[in-house]
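The data block below is model_6.tsv; it holds TSV, N, CA, C and O atoms.
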chain	number	residue	atom	x	y	z
A	1	MET	N	-3.28	15.58	-9.27
A	1	MET	CA	-3.48	16.96	-9.63
A	1	MET	C	-3.75	17.75	-8.37
A	1	MET	O	-4.50	17.33	-7.51
A	2	THR	N	-3.12	18.88	-8.25
A	2	THR	CA	-3.34	19.76	-7.13
A	2	THR	C	-3.98	21.04	-7.64
A	2	THR	O	-3.53	21.61	-8.63
A	3	LEU	N	-5.02	21.45	-6.98
A	3	LEU	CA	-5.69	22.70	-7.32
A	3	LEU	C	-5.43	23.71	-6.23
A	3	LEU	O	-5.46	23.38	-5.05
A	4	VAL	N	-5.17	24.92	-6.62
A	4	VAL	CA	-4.98	26.01	-5.66
A	4	VAL	C	-6.10	27.01	-5.90
A	4	VAL	O	-6.22	27.56	-6.99
A	5	SER	N	-6.91	27.20	-4.90
A	5	SER	CA	-8.03	28.13	-5.06
A	5	SER	C	-7.55	29.57	-4.98
A	5	SER	O	-6.49	29.87	-4.42
A	6	SER	N	-8.34	30.45	-5.52
A	6	SER	CA	-8.00	31.88	-5.46
A	6	SER	C	-8.01	32.35	-4.01
A	6	SER	O	-7.22	33.21	-3.62
A	7	GLY	N	-8.88	31.77	-3.18
A	7	GLY	CA	-8.91	32.12	-1.76
A	7	GLY	C	-7.61	31.76	-1.06
A	7	GLY	O	-7.10	32.52	-0.24
A	8	LEU	N	-7.06	30.59	-1.38
A	8	LEU	CA	-5.78	30.18	-0.82
A	8	LEU	C	-4.69	31.14	-1.26
A	8	LEU	O	-3.89	31.61	-0.45
A	9	ALA	N	-4.68	31.45	-2.54
A	9	ALA	CA	-3.64	32.33	-3.08
A	9	ALA	C	-3.72	33.72	-2.45
A	9	ALA	O	-2.69	34.35	-2.19
A	10	ARG	N	-4.91	34.19	-2.17
A	10	ARG	CA	-5.07	35.52	-1.56
A	10	ARG	C	-4.74	35.53	-0.07
A	10	ARG	O	-4.39	36.58	0.49
A	11	SER	N	-4.86	34.39	0.60
A	11	SER	CA	-4.70	34.37	2.05
A	11	SER	C	-3.25	34.29	2.51
A	11	SER	O	-2.97	34.43	3.70
A	12	PHE	N	-2.32	34.07	1.59
A	12	PHE	CA	-0.90	33.97	1.94
A	12	PHE	C	-0.10	35.02	1.21
A	12	PHE	O	-0.46	35.41	0.09
A	13	ASP	N	0.99	35.44	1.83
A	13	ASP	CA	1.91	36.31	1.08
A	13	ASP	C	2.72	35.44	0.12
A	13	ASP	O	2.57	34.23	0.08
A	14	SER	N	3.57	36.07	-0.66
A	14	SER	CA	4.30	35.37	-1.72
A	14	SER	C	5.16	34.23	-1.17
A	14	SER	O	5.15	33.12	-1.72
A	15	ASP	N	5.90	34.47	-0.10
A	15	ASP	CA	6.77	33.43	0.47
A	15	ASP	C	5.94	32.27	1.03
A	15	ASP	O	6.31	31.10	0.88
A	16	GLU	N	4.84	32.59	1.71
A	16	GLU	CA	3.99	31.55	2.26
A	16	GLU	C	3.36	30.71	1.15
A	16	GLU	O	3.29	29.48	1.26
A	17	LEU	N	2.93	31.36	0.09
A	17	LEU	CA	2.35	30.62	-1.03
A	17	LEU	C	3.40	29.72	-1.67
A	17	LEU	O	3.11	28.57	-2.03
A	18	ASP	N	4.64	30.20	-1.77
A	18	ASP	CA	5.73	29.36	-2.29
A	18	ASP	C	5.91	28.12	-1.41
A	18	ASP	O	6.15	27.02	-1.91
A	19	SER	N	5.78	28.29	-0.10
A	19	SER	CA	5.91	27.18	0.83
A	19	SER	C	4.81	26.14	0.62
A	19	SER	O	5.07	24.94	0.57
A	20	VAL	N	3.59	26.61	0.47
A	20	VAL	CA	2.46	25.71	0.23
A	20	VAL	C	2.65	24.97	-1.10
A	20	VAL	O	2.46	23.76	-1.18
A	21	LEU	N	3.06	25.70	-2.12
A	21	LEU	CA	3.24	25.08	-3.43
A	21	LEU	C	4.39	24.07	-3.44
A	21	LEU	O	4.31	23.04	-4.10
A	22	ALA	N	5.45	24.35	-2.67
A	22	ALA	CA	6.56	23.39	-2.56
A	22	ALA	C	6.07	22.09	-1.92
A	22	ALA	O	6.41	20.99	-2.37
A	23	HIS	N	5.26	22.21	-0.88
A	23	HIS	CA	4.69	21.03	-0.23
A	23	HIS	C	3.83	20.26	-1.23
A	23	HIS	O	3.96	19.03	-1.37
A	24	GLU	N	2.97	20.96	-1.92
A	24	GLU	CA	2.06	20.31	-2.87
A	24	GLU	C	2.81	19.70	-4.05
A	24	GLU	O	2.41	18.68	-4.58
A	25	TRP	N	3.90	20.33	-4.46
A	25	TRP	CA	4.70	19.80	-5.56
A	25	TRP	C	5.19	18.39	-5.24
A	25	TRP	O	5.15	17.50	-6.08
A	26	VAL	N	5.66	18.20	-4.01
A	26	VAL	CA	6.14	16.87	-3.60
A	26	VAL	C	4.99	15.87	-3.59
A	26	VAL	O	5.16	14.72	-4.00
A	27	THR	N	3.80	16.30	-3.16
A	27	THR	CA	2.68	15.36	-3.10
A	27	THR	C	2.20	14.96	-4.49
A	27	THR	O	1.45	14.00	-4.62
A	28	CYS	N	2.63	15.67	-5.51
A	28	CYS	CA	2.26	15.32	-6.89
A	28	CYS	C	3.25	14.36	-7.53
A	28	CYS	O	3.02	13.88	-8.65
A	29	SER	N	4.35	14.07	-6.87
A	29	SER	CA	5.34	13.16	-7.46
A	29	SER	C	4.73	11.76	-7.57
A	29	SER	O	3.92	11.35	-6.73
A	30	PRO	N	5.09	11.02	-8.61
A	30	PRO	CA	4.51	9.67	-8.78
A	30	PRO	C	4.76	8.77	-7.57
A	30	PRO	O	3.88	7.99	-7.20
A	31	GLU	N	5.93	8.87	-6.96
A	31	GLU	CA	6.23	8.01	-5.81
A	31	GLU	C	5.30	8.32	-4.64
A	31	GLU	O	4.79	7.42	-3.98
A	32	HIS	N	5.08	9.61	-4.38
A	32	HIS	CA	4.22	10.01	-3.27
A	32	HIS	C	2.78	9.57	-3.54
A	32	HIS	O	2.12	9.04	-2.64
A	33	VAL	N	2.31	9.77	-4.76
A	33	VAL	CA	0.94	9.39	-5.10
A	33	VAL	C	0.76	7.88	-4.96
A	33	VAL	O	-0.22	7.42	-4.37
A	34	THR	N	1.71	7.11	-5.47
A	34	THR	CA	1.62	5.65	-5.36
A	34	THR	C	1.64	5.22	-3.90
A	34	THR	O	0.83	4.39	-3.47
A	35	PHE	N	2.54	5.81	-3.13
A	35	PHE	CA	2.69	5.49	-1.72
A	35	PHE	C	1.40	5.79	-0.96
A	35	PHE	O	0.87	4.96	-0.24
A	36	MET	N	0.87	7.00	-1.16
A	36	MET	CA	-0.33	7.40	-0.42
A	36	MET	C	-1.56	6.61	-0.87
A	36	MET	O	-2.40	6.25	-0.04
A	37	THR	N	-1.67	6.32	-2.15
A	37	THR	CA	-2.80	5.53	-2.65
A	37	THR	C	-2.77	4.14	-2.05
A	37	THR	O	-3.80	3.61	-1.60
A	38	THR	N	-1.59	3.53	-2.01
A	38	THR	CA	-1.44	2.20	-1.43
A	38	THR	C	-1.88	2.20	0.02
A	38	THR	O	-2.65	1.34	0.46
A	39	PHE	N	-1.42	3.18	0.78
A	39	PHE	CA	-1.77	3.19	2.20
A	39	PHE	C	-3.22	3.57	2.44
A	39	PHE	O	-3.84	3.10	3.40
A	40	GLU	N	-3.81	4.38	1.59
A	40	GLU	CA	-5.24	4.66	1.70
A	40	GLU	C	-6.05	3.38	1.47
A	40	GLU	O	-7.02	3.12	2.18
A	41	LEU	N	-5.65	2.59	0.47
A	41	LEU	CA	-6.35	1.32	0.22
A	41	LEU	C	-6.17	0.35	1.38
A	41	LEU	O	-7.13	-0.33	1.78
A	42	VAL	N	-4.98	0.28	1.93
A	42	VAL	CA	-4.74	-0.59	3.10
A	42	VAL	C	-5.63	-0.14	4.24
A	42	VAL	O	-6.26	-0.97	4.92
A	43	GLN	N	-5.73	1.15	4.45
A	43	GLN	CA	-6.55	1.66	5.54
A	43	GLN	C	-8.03	1.35	5.29
A	43	GLN	O	-8.76	0.97	6.21
A	44	LEU	N	-8.49	1.47	4.04
A	44	LEU	CA	-9.87	1.11	3.73
A	44	LEU	C	-10.15	-0.36	4.01
A	44	LEU	O	-11.19	-0.71	4.59
A	45	VAL	N	-9.21	-1.21	3.61
A	45	VAL	CA	-9.39	-2.64	3.87
A	45	VAL	C	-9.43	-2.90	5.37
A	45	VAL	O	-10.29	-3.62	5.87
A	46	MET	N	-8.52	-2.28	6.10
A	46	MET	CA	-8.47	-2.49	7.54
A	46	MET	C	-9.72	-1.95	8.23
A	46	MET	O	-10.15	-2.48	9.24
A	47	ASN	N	-10.29	-0.90	7.70
A	47	ASN	CA	-11.52	-0.36	8.27
A	47	ASN	C	-12.76	-1.12	7.84
A	47	ASN	O	-13.85	-0.85	8.31
A	48	GLY	N	-12.60	-2.03	6.89
A	48	GLY	CA	-13.71	-2.87	6.50
A	48	GLY	C	-14.50	-2.39	5.30
A	48	GLY	O	-15.48	-3.01	4.93
A	49	VAL	N	-14.10	-1.31	4.66
A	49	VAL	CA	-14.85	-0.81	3.52
A	49	VAL	C	-14.78	-1.77	2.35
A	49	VAL	O	-15.77	-2.00	1.66
A	50	LEU	N	-13.61	-2.34	2.11
A	50	LEU	CA	-13.43	-3.24	0.98
A	50	LEU	C	-13.45	-4.72	1.36
A	50	LEU	O	-13.36	-5.57	0.50
A	51	ARG	N	-13.55	-5.01	2.63
A	51	ARG	CA	-13.47	-6.42	3.04
A	51	ARG	C	-14.84	-7.09	2.99
A	51	ARG	O	-15.86	-6.44	3.13
A	52	GLY	N	-14.83	-8.39	2.82
A	52	GLY	CA	-16.07	-9.16	2.85
A	52	GLY	C	-16.55	-9.34	4.27
A	52	GLY	O	-15.81	-9.12	5.23
A	53	ALA	N	-17.75	-9.76	4.42
A	53	ALA	CA	-18.35	-9.90	5.75
A	53	ALA	C	-17.63	-10.95	6.60
A	53	ALA	O	-17.72	-10.92	7.81
A	54	ARG	N	-16.90	-11.88	5.96
A	54	ARG	CA	-16.25	-12.95	6.72
A	54	ARG	C	-14.90	-12.54	7.28
A	54	ARG	O	-14.34	-13.23	8.11
A	55	TRP	N	-14.33	-11.41	6.82
A	55	TRP	CA	-13.01	-11.00	7.31
A	55	TRP	C	-13.14	-10.36	8.68
A	55	TRP	O	-14.05	-9.58	8.93
A	56	PRO	N	-12.23	-10.66	9.59
A	56	PRO	CA	-12.31	-9.99	10.89
A	56	PRO	C	-11.81	-8.55	10.76
A	56	PRO	O	-11.02	-8.24	9.89
A	57	PRO	N	-12.28	-7.68	11.61
A	57	PRO	CA	-11.79	-6.30	11.57
A	57	PRO	C	-10.32	-6.24	11.96
A	57	PRO	O	-9.82	-7.09	12.68
A	58	ALA	N	-9.65	-5.24	11.46
A	58	ALA	CA	-8.22	-5.08	11.77
A	58	ALA	C	-8.05	-4.59	13.20
A	58	ALA	O	-8.86	-3.83	13.71
A	59	PRO	N	-6.98	-5.03	13.84
A	59	PRO	CA	-6.70	-4.51	15.18
A	59	PRO	C	-6.39	-3.01	15.12
A	59	PRO	O	-5.87	-2.51	14.14
A	60	GLN	N	-6.74	-2.33	16.18
A	60	GLN	CA	-6.53	-0.88	16.24
A	60	GLN	C	-5.06	-0.51	16.06
A	60	GLN	O	-4.73	0.49	15.43
A	61	SER	N	-4.15	-1.35	16.55
A	61	SER	CA	-2.72	-1.06	16.42
A	61	SER	C	-2.29	-1.03	14.96
A	61	SER	O	-1.44	-0.23	14.57
A	62	SER	N	-2.88	-1.87	14.11
A	62	SER	CA	-2.56	-1.86	12.69
A	62	SER	C	-3.02	-0.57	12.04
A	62	SER	O	-2.33	0.01	11.20
A	63	LEU	N	-4.19	-0.09	12.41
A	63	LEU	CA	-4.69	1.17	11.87
A	63	LEU	C	-3.79	2.33	12.28
A	63	LEU	O	-3.53	3.24	11.49
A	64	LEU	N	-3.29	2.29	13.50
A	64	LEU	CA	-2.39	3.35	13.95
A	64	LEU	C	-1.07	3.33	13.19
A	64	LEU	O	-0.52	4.38	12.88
A	65	ARG	N	-0.58	2.14	12.87
A	65	ARG	CA	0.66	2.05	12.08
A	65	ARG	C	0.46	2.64	10.70
A	65	ARG	O	1.31	3.36	10.19
A	66	VAL	N	-0.67	2.35	10.07
A	66	VAL	CA	-0.96	2.91	8.75
A	66	VAL	C	-1.04	4.43	8.84
A	66	VAL	O	-0.52	5.15	7.99
A	67	ALA	N	-1.69	4.94	9.87
A	67	ALA	CA	-1.80	6.40	10.05
A	67	ALA	C	-0.43	7.03	10.24
A	67	ALA	O	-0.16	8.11	9.71
A	68	ARG	N	0.46	6.36	10.96
A	68	ARG	CA	1.81	6.90	11.16
A	68	ARG	C	2.58	6.96	9.85
A	68	ARG	O	3.30	7.92	9.58
A	69	VAL	N	2.45	5.94	9.02
A	69	VAL	CA	3.14	5.93	7.73
A	69	VAL	C	2.60	7.04	6.84
A	69	VAL	O	3.35	7.74	6.16
A	70	SER	N	1.30	7.21	6.85
A	70	SER	CA	0.68	8.28	6.06
A	70	SER	C	1.18	9.65	6.52
A	70	SER	O	1.52	10.51	5.71
A	71	ARG	N	1.26	9.84	7.82
A	71	ARG	CA	1.75	11.12	8.36
A	71	ARG	C	3.22	11.31	8.01
A	71	ARG	O	3.65	12.43	7.73
A	72	ALA	N	4.00	10.26	8.01
A	72	ALA	CA	5.42	10.36	7.65
A	72	ALA	C	5.57	10.86	6.21
A	72	ALA	O	6.46	11.66	5.91
A	73	ALA	N	4.69	10.40	5.33
A	73	ALA	CA	4.74	10.86	3.93
A	73	ALA	C	4.43	12.36	3.85
A	73	ALA	O	5.06	13.09	3.08
A	74	GLU	N	3.48	12.82	4.64
A	74	GLU	CA	3.17	14.26	4.65
A	74	GLU	C	4.32	15.07	5.23
A	74	GLU	O	4.61	16.17	4.77
A	75	LEU	N	4.99	14.52	6.23
A	75	LEU	CA	6.15	15.22	6.80
A	75	LEU	C	7.28	15.33	5.79
A	75	LEU	O	8.03	16.31	5.79
A	76	THR	N	7.40	14.34	4.91
A	76	THR	CA	8.39	14.41	3.84
A	76	THR	C	8.11	15.62	2.95
A	76	THR	O	9.03	16.36	2.57
A	77	ALA	N	6.86	15.84	2.62
A	77	ALA	CA	6.48	17.00	1.81
A	77	ALA	C	6.76	18.30	2.58
A	77	ALA	O	7.21	19.30	2.01
A	78	ASP	N	6.52	18.29	3.88
A	78	ASP	CA	6.82	19.47	4.70
A	78	ASP	C	8.32	19.75	4.72
A	78	ASP	O	8.75	20.91	4.66
A	79	ARG	N	9.12	18.69	4.80
A	79	ARG	CA	10.58	18.88	4.81
A	79	ARG	C	11.05	19.48	3.49
A	79	ARG	O	11.93	20.34	3.46
A	80	ALA	N	10.47	19.04	2.39
A	80	ALA	CA	10.83	19.61	1.09
A	80	ALA	C	10.51	21.08	1.04
A	80	ALA	O	11.28	21.90	0.52
A	81	SER	N	9.39	21.46	1.59
A	81	SER	CA	9.01	22.87	1.65
A	81	SER	C	10.00	23.64	2.52
A	81	SER	O	10.43	24.74	2.17
A	82	ALA	N	10.39	23.06	3.64
A	82	ALA	CA	11.33	23.73	4.55
A	82	ALA	C	12.70	23.91	3.94
A	82	ALA	O	13.39	24.89	4.22
A	83	LEU	N	13.11	22.98	3.07
A	83	LEU	CA	14.41	23.12	2.41
A	83	LEU	C	14.46	24.37	1.55
A	83	LEU	O	15.48	25.05	1.48
A	84	GLY	N	13.36	24.66	0.88
A	84	GLY	CA	13.34	25.81	0.00
A	84	GLY	C	12.97	27.10	0.68
A	84	GLY	O	13.47	28.17	0.32
A	85	GLN	N	12.11	27.02	1.68
A	85	GLN	CA	11.58	28.24	2.28
A	85	GLN	C	12.02	28.48	3.73
A	85	GLN	O	11.78	29.54	4.26
A	86	GLY	N	12.60	27.48	4.33
A	86	GLY	CA	13.02	27.61	5.72
A	86	GLY	C	11.98	27.01	6.65
A	86	GLY	O	10.79	27.09	6.40
A	87	PRO	N	12.44	26.38	7.72
A	87	PRO	CA	11.53	25.68	8.62
A	87	PRO	C	10.53	26.59	9.33
A	87	PRO	O	9.38	26.23	9.52
A	88	ALA	N	10.94	27.79	9.70
A	88	ALA	CA	10.02	28.70	10.42
A	88	ALA	C	8.84	29.07	9.53
A	88	ALA	O	7.69	29.07	9.98
A	89	LEU	N	9.12	29.39	8.29
A	89	LEU	CA	8.06	29.76	7.37
A	89	LEU	C	7.14	28.58	7.09
A	89	LEU	O	5.91	28.72	7.08
A	90	THR	N	7.72	27.41	6.90
A	90	THR	CA	6.91	26.21	6.65
A	90	THR	C	6.00	25.91	7.84
A	90	THR	O	4.82	25.63	7.66
A	91	CYS	N	6.53	26.01	9.04
A	91	CYS	CA	5.71	25.76	10.24
A	91	CYS	C	4.61	26.80	10.37
A	91	CYS	O	3.48	26.47	10.71
A	92	ARG	N	4.92	28.04	10.14
A	92	ARG	CA	3.93	29.11	10.24
A	92	ARG	C	2.82	28.93	9.20
A	92	ARG	O	1.66	29.14	9.47
A	93	THR	N	3.22	28.52	8.01
A	93	THR	CA	2.24	28.38	6.94
A	93	THR	C	1.38	27.18	7.16
A	93	THR	O	0.21	27.19	6.96
Mind turning the file's structure into C-alpha cells?
Amino acid sequence: MTLVSSGLARSFDSDELDSVLAHEWVTCSPEHVTFMTTFELVQLVMNGVLRGARWPPAPQSSLLRVARVSRAAELTADRASALGQGPALTCRT
C-alpha cells in the first residue's frame, strides 16, 4: 500500500505528482513487492538481525551486492515514471 500525504500532493505540480504516482504504482506491483521483501530479508540476515549467535557476519561485499539489487529495483520504478512523464521531469521530481 502506498500512501500519499496531502503535503506531498501540495508540494508538486500536476505533472510532477503524476511522475511520483507512476513511480509508486510500479512499487505496488506484486513482483516488485516480492522482490524487495526478499532482498530486505536477505539484508537483515546478512546484517545479523535474524541470524543466530553462531552464524558469522556477512562479508561487506555481499551487503553491497544486496544494496545494488535493491537500488536496481528502484531504478526500474524510476524508468516506468520516465516512460510516462519524460526523463527530465522524473529526474527533477
So that I can check the surroundings of Thr90 in chain A, please list as JSON, numbers by chain every protein, DNA and RNA residue that reaches within 8 Å of it, counting only N, CA, C and O atoms and ignoring chain neighbours fewer than 3 positions away. {"A": [15, 16, 19, 20, 78, 81, 82, 83, 85, 86, 87, 93]}
If I wrap all listed atoms of range 31-45 of chain A in a box with edges along x, y and z and add 4 Å on each side, what are its centre and edge lengths in Å to one decimal, as lines of an AutoDock Vina configuration file?
center_x = -2.5
center_y = 3.2
center_z = -0.4
size_x = 25.4
size_y = 21.6
size_z = 21.2
Go ahead and compute the interatomic distance for atom C of Ala80 in chain A and atom C of Leu17 in chain A, in Å to one decimal. 11.5 Å
Quick one, how far is atom N of Leu41 in chain A from atom O of Leu3 in chain A?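 Atom O of Leu3 in chain A lies at a distance of 21.5 Å from atom N of Leu41 in chain A.
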Suppose you want the space between CA of Gly84 in chain A and CA of Ala67 in chain A; what is it in Å?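 That distance, rounded to one decimal, is 26.6 Å.
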Of the candidates A:Glu24, A:Ser70, A:Leu64, A:Ser11, which one gets nearest to Glu40 in chain A if we count only C-alpha atoms?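 Among A:Glu24, A:Ser70, A:Leu64, A:Ser11, it is A:Ser70 that comes nearest to Glu40 in chain A.
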